[in-house]
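What follows is one structure encoded as structure tokens, with my remarks underneath.
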Amino acid sequence: MSAVLADPNAARAHARSMGGTVVEAMPTLPPRAEDQPAGVSPEDLLWEETIAAGGYASRMLARGTRLRLIDLRGDACASLLLFNAATPAERLNIADTVKVQWDAYPTAGSLLLSDMGRVLASIEQDDAGTHDAFCGASNAASNQRRYGDGRNSGACPNARDRLLLGAAKHGLGRRDVHPCINLFKGVRIAADGAVAPQIGPFAPGRSLVLRAEMDLIVVLANCPHVLDPRPWSVTPLRATAWRGPVTAQDDPIRTATPERLRAFLNTEDLYRR
Amino acid sequence: MENDPHLDGLTGPLLHDAIVAARAPWRHRVNAGETLRIIDLEGNQAVDFLLYAADDDAERYSAQDTIAAQANIFLRTGTALLSSEGRPMMTIAATSVDYHDTIGGACSCESNSLRYGHHTKAQHSCVDNFLEANLRDGRGKRDIVSNINFFMNVPVEADGALGIVDGISAPGLTVDLRAEMDVIVVVSNCPQINNPCNGFNPTPVRMIVSA
């Protein structure tokens, strides 16, 4: 083959022959989904991608966009960072998220709050219920200890370095990678403070729908949970996004509690023109 | 000096001794091997606390790495305070309080507006202290991450209910932190007056560094 590919024309033909290859973990362009929710037209699809086991993705999502994540085979772990796309110094504040809502376990109806008292995203639907606001991302050191390797270039990449790559593609760096929320892998806290991870694997196809309440940069890493005791285990994560309306004044999530209502008031104030 | 009970058990020479006024920020370099003792002088005073690696301040305290490594949300004697790169920055060498918090975060003007109402906008906050102290070293908003709250109590109930409740600290209780690397310590002596974290009355704390 190397003799053939010494010729640029042959190299071009070889490269072009790969076009159209279909694998499991890849984006679909333009986005196409057989299972988009009722009422969503194909023209409103914005993003359709299956994120590899150990992979990552990052994307800008406009206010009102819905992002559905599906744990296709029951063993995904979606570590999520959120930034205000216009001013990325504003970002997910996981401590405020649990403290302001007086709840350690985000699920349907919960808000993901920024460090500026605004709501970055609402959890509109959640049929998983196992999420983790406390343990954060694995890192090169923790993967090295557990698997003997944690490098992006190796077989057991770690979530923090995946998040870093995703953030870097929007001009962000190490100072911007903040405490994350892990979706699909959960945790429960005992009275003595002990952390019990909920690792699964779970039933295939569990899903969660986020509603962007601001213009966002979303960064996702799909690596094993930091407290997963097994050999490196994770399965692909599917992301589908579609256009949707900005949250209405009478939205039940917006009005559910005084704290949530004020988070929406602060957010709406940012977009007042 | 020899009768100062706040110095009990510190064996090395004193390098620094400061009172941080109620509501004020504080920033200090602590080198590897040195011990920082924080004293809750009047009791129930939350001390909001961040760490940066002195040689590379993009590496900083990570509450999530610290929690994951010990599989427990409470910081007790023996807890290693880990960095965003998973390295030990300081160790809790001793403390006379049962445990300390690292899930409750820092108060800010903005989160106060959610928790208590927009009438609190003009009140001072820990994030403003963190910003003031960090800006002097060229750090800014992106450098503020989930922090430690020494002497603060944030239990999680069986149903997930979580909140800042009455402190478990008392006058004169202490925490001793041994530096495992050269670190910049940034503190906000919490000015919050809307919840029990400071007994509704912010008070001074004392910082002692010994070799």
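Letters for chains follow the order of the structure tokens (A, B, ...), residue numbers begin at 1 for each chain, and ligand numbers begin at 1 in the order shown.
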(request) Run DSSP on the backbone and grab whatever in chain B lands in helix (DSSP H, G or I); send it over as a ChimeraX atom specification. (result) /B:5-7,63-70,109-115,118-120,126-135,141-143,196-198
So which residues touch A:Val218 within 7 Å, counting only C-alpha atoms, skipping near sequence neighbours fewer than 6 positions away, as a short mmCIF file (atom, residue, chain, number, x, y, z; two decimals) with N, CA and C atoms, in the first residue's frame?
data_model
loop_
_atom_site.label_atom_id
_atom_site.label_comp_id
_atom_site.auth_asym_id
_atom_site.auth_seq_id
_atom_site.Cartn_x
_atom_site.Cartn_y
_atom_site.Cartn_z
N SER A 58 -18.12 18.72 22.82
CA SER A 58 -18.48 20.04 23.33
C SER A 58 -19.19 20.79 22.23
N ARG A 59 -20.08 21.67 22.63
CA ARG A 59 -20.96 22.30 21.65
C ARG A 59 -21.62 23.52 22.27
N MET A 60 -21.91 24.51 21.42
CA MET A 60 -22.70 25.65 21.85
C MET A 60 -24.17 25.33 21.63
N LEU A 81 -19.88 19.84 32.09
CA LEU A 81 -19.56 21.22 32.43
C LEU A 81 -20.48 22.13 31.63
N LEU A 82 -20.86 23.25 32.22
CA LEU A 82 -21.70 24.24 31.54
C LEU A 82 -21.09 25.61 31.72
N PHE A 83 -21.05 26.38 30.62
CA PHE A 83 -20.57 27.76 30.65
C PHE A 83 -21.61 28.67 30.00
#
(request) Work out how far apart atom CA of A:Cys180 and atom CA of B:Leu162 are and give it in Å to one decimal. (result) 18.5 Å
(message) Contacts from chain B to chain A, 9 Å maximum, only C-alpha atoms: show me the residue list as a ChimeraX atom specification.
(response) /B:57-60,62-74,84-87,102-118,141-147,155-164
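Here atom CA of B:Glu34 is placed at a distance of 15.9 Å from atom CA of B:Val186.
Relative to atom CA of A:Ser207, atom CA of A:Leu120 is found at 19.3 Å.
When only C-alpha atoms are used to measure the gap to A:Tyr56, the shortest distance among A:Ala239, A:Val246, A:Ile123, A:Ile253 belongs to A:Ala239.
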(request) Find the spatial neighbours of A:Gly244, counting only C-alpha atoms, within a cut-off of 12 Å - ignore same-chain residues fewer than 3 positions away - and output them as a ChimeraX atom specification. (result) /A:37,39-41,43-46,61-67,210-213,241,247-248
Take the residues just selected and output them with N, CA and C atoms as an mmCIF file, in the first residue's frame.
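Saved the output as selection.cif:
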data_model
loop_
_atom_site.group_PDB
_atom_site.id
_atom_site.type_symbol
_atom_site.label_atom_id
_atom_site.label_comp_id
_atom_site.auth_asym_id
_atom_site.auth_seq_id
_atom_site.Cartn_x
_atom_site.Cartn_y
_atom_site.Cartn_z
ATOM 1 N N PRO A 37 -38.869 13.399 19.959
ATOM 2 C CA PRO A 37 -40.146 13.468 20.673
ATOM 3 C C PRO A 37 -41.259 14.026 19.784
ATOM 4 N N GLY A 39 -44.000 16.280 18.348
ATOM 5 C CA GLY A 39 -44.055 17.735 18.306
ATOM 6 C C GLY A 39 -42.765 18.382 17.867
ATOM 7 N N VAL A 40 -41.696 17.611 17.753
ATOM 8 C CA VAL A 40 -40.423 18.166 17.286
ATOM 9 C C VAL A 40 -40.266 17.793 15.813
ATOM 10 N N SER A 41 -40.122 18.789 14.968
ATOM 11 C CA SER A 41 -40.005 18.492 13.536
ATOM 12 C C SER A 41 -38.548 18.199 13.199
ATOM 13 N N GLU A 43 -36.708 19.433 11.073
ATOM 14 C CA GLU A 43 -35.948 20.669 10.805
ATOM 15 C C GLU A 43 -35.433 21.297 12.091
ATOM 16 N N ASP A 44 -36.041 20.948 13.216
ATOM 17 C CA ASP A 44 -35.618 21.548 14.483
ATOM 18 C C ASP A 44 -34.481 20.785 15.151
ATOM 19 N N LEU A 45 -34.091 19.663 14.574
ATOM 20 C CA LEU A 45 -32.961 18.931 15.163
ATOM 21 C C LEU A 45 -31.678 19.730 14.968
ATOM 22 N N LEU A 46 -30.867 19.802 16.023
ATOM 23 C CA LEU A 46 -29.631 20.589 15.995
ATOM 24 C C LEU A 46 -28.383 19.725 16.126
ATOM 25 N N LEU A 61 -24.987 25.645 22.618
ATOM 26 C CA LEU A 61 -26.432 25.440 22.524
ATOM 27 C C LEU A 61 -27.127 26.746 22.872
ATOM 28 N N ALA A 62 -28.074 27.147 22.015
ATOM 29 C CA ALA A 62 -28.787 28.403 22.255
ATOM 30 C C ALA A 62 -29.847 28.214 23.340
ATOM 31 N N ARG A 63 -30.172 29.324 23.971
ATOM 32 C CA ARG A 63 -31.247 29.360 24.975
ATOM 33 C C ARG A 63 -32.523 28.735 24.399
ATOM 34 N N GLY A 64 -33.131 27.858 25.161
ATOM 35 C CA GLY A 64 -34.350 27.177 24.712
ATOM 36 C C GLY A 64 -34.086 25.799 24.124
ATOM 37 N N THR A 65 -32.853 25.550 23.707
ATOM 38 C CA THR A 65 -32.529 24.239 23.134
ATOM 39 C C THR A 65 -32.729 23.139 24.169
ATOM 40 N N ARG A 66 -33.268 22.012 23.713
ATOM 41 C CA ARG A 66 -33.354 20.819 24.557
ATOM 42 C C ARG A 66 -32.216 19.888 24.194
ATOM 43 N N LEU A 67 -31.586 19.334 25.203
ATOM 44 C CA LEU A 67 -30.507 18.361 24.999
ATOM 45 C C LEU A 67 -30.917 17.069 25.696
ATOM 46 N N LEU A 210 -32.205 18.016 29.218
ATOM 47 C CA LEU A 210 -31.854 19.324 29.758
ATOM 48 C C LEU A 210 -32.464 20.403 28.870
ATOM 49 N N ARG A 211 -32.890 21.479 29.501
ATOM 50 C CA ARG A 211 -33.396 22.643 28.767
ATOM 51 C C ARG A 211 -32.422 23.794 28.999
ATOM 52 N N ALA A 212 -31.803 24.271 27.918
ATOM 53 C CA ALA A 212 -30.848 25.379 28.055
ATOM 54 C C ALA A 212 -31.622 26.647 28.394
ATOM 55 N N GLU A 213 -31.300 27.244 29.532
ATOM 56 C CA GLU A 213 -31.968 28.478 29.941
ATOM 57 C C GLU A 213 -31.124 29.707 29.613
ATOM 58 N N ALA A 241 -30.067 17.058 20.263
ATOM 59 C CA ALA A 241 -30.558 18.378 20.665
ATOM 60 C C ALA A 241 -31.508 18.908 19.606
ATOM 61 N N THR A 247 -38.259 29.365 28.155
ATOM 62 C CA THR A 247 -39.180 28.992 29.237
ATOM 63 C C THR A 247 -40.231 30.077 29.491
ATOM 64 N N ALA A 248 -41.471 29.626 29.552
ATOM 65 C CA ALA A 248 -42.587 30.555 29.762
ATOM 66 C C ALA A 248 -42.681 30.968 31.233
#
Could you build a table of the residues in stretch 151-180 of chain B lying no more than 9 Å from stretch 195-202 of chain B, giving for each the nearest pair of atoms and their separation in Å rounded to one decimal place, using only C-alpha atoms, ordered by chain and ascending residue number, as a Markdown table?
| residue | atom | partner | partner_atom | distance |
| --- | --- | --- | --- | --- |
| B:Phe151 | CA | B:Cys197 | CA | 8.4 |
| B:Met152 | CA | B:Cys197 | CA | 6.0 |
| B:Asn153 | CA | B:Cys197 | CA | 7.5 |
| B:Ile164 | CA | B:Cys197 | CA | 6.4 |
| B:Val165 | CA | B:Pro196 | CA | 5.7 |
| B:Asp166 | CA | B:Pro196 | CA | 5.2 |
| B:Gly167 | CA | B:Cys197 | CA | 6.1 |
Selected residues written out, N, CA and C atoms, as an mmCIF file, in the first residue's frame:
data_model
loop_
_atom_site.group_PDB
_atom_site.id
_atom_site.type_symbol
_atom_site.label_atom_id
_atom_site.label_comp_id
_atom_site.auth_asym_id
_atom_site.auth_seq_id
_atom_site.Cartn_x
_atom_site.Cartn_y
_atom_site.Cartn_z
ATOM 1 N N PHE B 151 -15.167 24.870 60.258
ATOM 2 C CA PHE B 151 -16.065 25.164 61.383
ATOM 3 C C PHE B 151 -17.527 25.284 60.945
ATOM 4 N N MET B 152 -17.858 24.846 59.702
ATOM 5 C CA MET B 152 -19.233 24.937 59.230
ATOM 6 C C MET B 152 -19.825 23.548 59.077
ATOM 7 N N ASN B 153 -21.129 23.448 59.322
ATOM 8 C CA ASN B 153 -21.824 22.157 59.407
ATOM 9 C C ASN B 153 -22.916 22.091 58.338
ATOM 10 N N ILE B 164 -27.136 24.452 55.534
ATOM 11 C CA ILE B 164 -26.215 24.945 56.547
ATOM 12 C C ILE B 164 -26.995 25.073 57.852
ATOM 13 N N VAL B 165 -26.530 24.388 58.887
ATOM 14 C CA VAL B 165 -27.228 24.416 60.174
ATOM 15 C C VAL B 165 -26.269 24.926 61.246
ATOM 16 N N ASP B 166 -26.767 24.944 62.465
ATOM 17 C CA ASP B 166 -25.964 25.464 63.567
ATOM 18 C C ASP B 166 -24.599 24.803 63.598
ATOM 19 N N GLY B 167 -23.605 25.582 63.904
ATOM 20 C CA GLY B 167 -22.244 25.096 63.904
ATOM 21 C C GLY B 167 -22.007 24.042 64.971
#
So which residues touch stretch 182-185 of chain B within 8 Å, counting only C-alpha atoms, skipping near sequence neighbours fewer than 2 positions away, as a short mmCIF file (atom, residue, chain, number, x, y, z; two decimals) with C-alpha atoms, in the first residue's frame?
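Written output follows (part-v7.cif):
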data_model
loop_
_atom_site.label_atom_id
_atom_site.label_comp_id
_atom_site.auth_asym_id
_atom_site.auth_seq_id
_atom_site.Cartn_x
_atom_site.Cartn_y
_atom_site.Cartn_z
CA TRP B 26 -6.73 36.84 54.15
CA ARG B 27 -4.04 35.47 51.87
CA HIS B 28 -0.74 33.87 52.83
CA ARG B 29 1.88 31.55 51.41
CA VAL B 30 2.50 28.38 53.42
CA ASN B 31 5.48 26.30 52.36
CA ALA B 32 5.71 22.53 52.33
CA PHE B 49 -10.90 28.47 52.39
CA LEU B 50 -9.19 27.90 49.01
CA LEU B 51 -5.73 26.68 48.06
CA TYR B 52 -3.54 27.29 45.02
CA ALA B 53 -0.25 25.59 44.18
CA ALA B 54 2.36 28.32 44.63
CA ASP B 55 4.32 27.24 41.55
CA MET B 89 -1.89 20.12 48.91
CA ALA B 179 1.30 21.86 53.86
CA GLU B 180 2.30 19.01 51.53
CA VAL B 187 -9.50 32.77 53.13
#
(request) Would you list, as a ChimeraX atom specification, the residues of chain B that end up in strand (DSSP E or B) under DSSP run on this structure's backbone? (result) /B:14-20,25-30,35-40,47-53,60-61,72,75,80-83,88-95,100-101,148-150,153,156,161-162,165,173-179,183-189,205-210
(request) Have a look at A:Val22, A:Ala57, A:Ala78, A:Ile199 and name the one nearest to A:Leu183; count only C-alpha atoms. (result) A:Ala78
Contacts of B:Ile208 within 6 Å, only C-alpha atoms, excl. fewer than 4 positions in-chain, as a compact mmCIF listing (two decimals) with C-alpha atoms, in the first residue's frame:
# COMPACT_ATOMS: atom_id res chain seq x y z
CA HIS B 16 3.24 34.21 61.23
CA ASP B 17 0.47 35.16 63.61
CA LEU B 36 -1.26 26.54 59.50
CA ARG B 37 -3.46 26.61 62.61
(request) Mind checking which residues fall within 8 Å of A:Thr130, counting only C-alpha atoms, ignoring those fewer than 2 positions away in the same chain, and posting them as a PyMOL selection string? (result) chain A and resi 128+132+183-187+198
Please produce an output containing N, CA and C atoms for each residue in the selection, written as a PDB file, in the first residue's frame.
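Produced file again_21.pdb, reproduced below:
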ATOM      1  N   ALA A 128     -33.626   8.439  34.864  1.00  0.00           N
ATOM      2  CA  ALA A 128     -32.486   7.722  35.439  1.00  0.00           C
ATOM      3  C   ALA A 128     -32.490   7.878  36.963  1.00  0.00           C
ATOM      4  N   ASP A 132     -24.698  12.481  40.226  1.00  0.00           N
ATOM      5  CA  ASP A 132     -23.706  12.689  41.276  1.00  0.00           C
ATOM      6  C   ASP A 132     -23.143  14.099  41.211  1.00  0.00           C
ATOM      7  N   LEU A 183     -23.681  12.560  35.298  1.00  0.00           N
ATOM      8  CA  LEU A 183     -25.022  12.092  34.998  1.00  0.00           C
ATOM      9  C   LEU A 183     -24.985  10.590  34.709  1.00  0.00           C
ATOM     10  N   PHE A 184     -26.001   9.901  35.137  1.00  0.00           N
ATOM     11  CA  PHE A 184     -26.238   8.452  34.970  1.00  0.00           C
ATOM     12  C   PHE A 184     -25.516   7.598  36.013  1.00  0.00           C
ATOM     13  N   LYS A 185     -24.399   8.058  36.563  1.00  0.00           N
ATOM     14  CA  LYS A 185     -23.830   7.369  37.726  1.00  0.00           C
ATOM     15  C   LYS A 185     -24.172   8.227  38.947  1.00  0.00           C
ATOM     16  N   GLY A 186     -24.672   7.582  39.990  1.00  0.00           N
ATOM     17  CA  GLY A 186     -25.191   8.337  41.118  1.00  0.00           C
ATOM     18  C   GLY A 186     -24.375   8.183  42.375  1.00  0.00           C
ATOM     19  N   VAL A 187     -24.877   8.814  43.437  1.00  0.00           N
ATOM     20  CA  VAL A 187     -24.234   8.732  44.730  1.00  0.00           C
ATOM     21  C   VAL A 187     -25.295   8.982  45.796  1.00  0.00           C
ATOM     22  N   GLN A 198     -23.415   4.822  43.080  1.00  0.00           N
ATOM     23  CA  GLN A 198     -24.369   3.947  42.382  1.00  0.00           C
ATOM     24  C   GLN A 198     -23.833   3.769  40.968  1.00  0.00           C
TER      25      GLN A 198
END
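Among the candidates B:Gly140, B:Leu10, B:Gly43, B:Glu132, the residue lying nearest to B:Ile168 is B:Gly43 (atoms considered: only C-alpha atoms).
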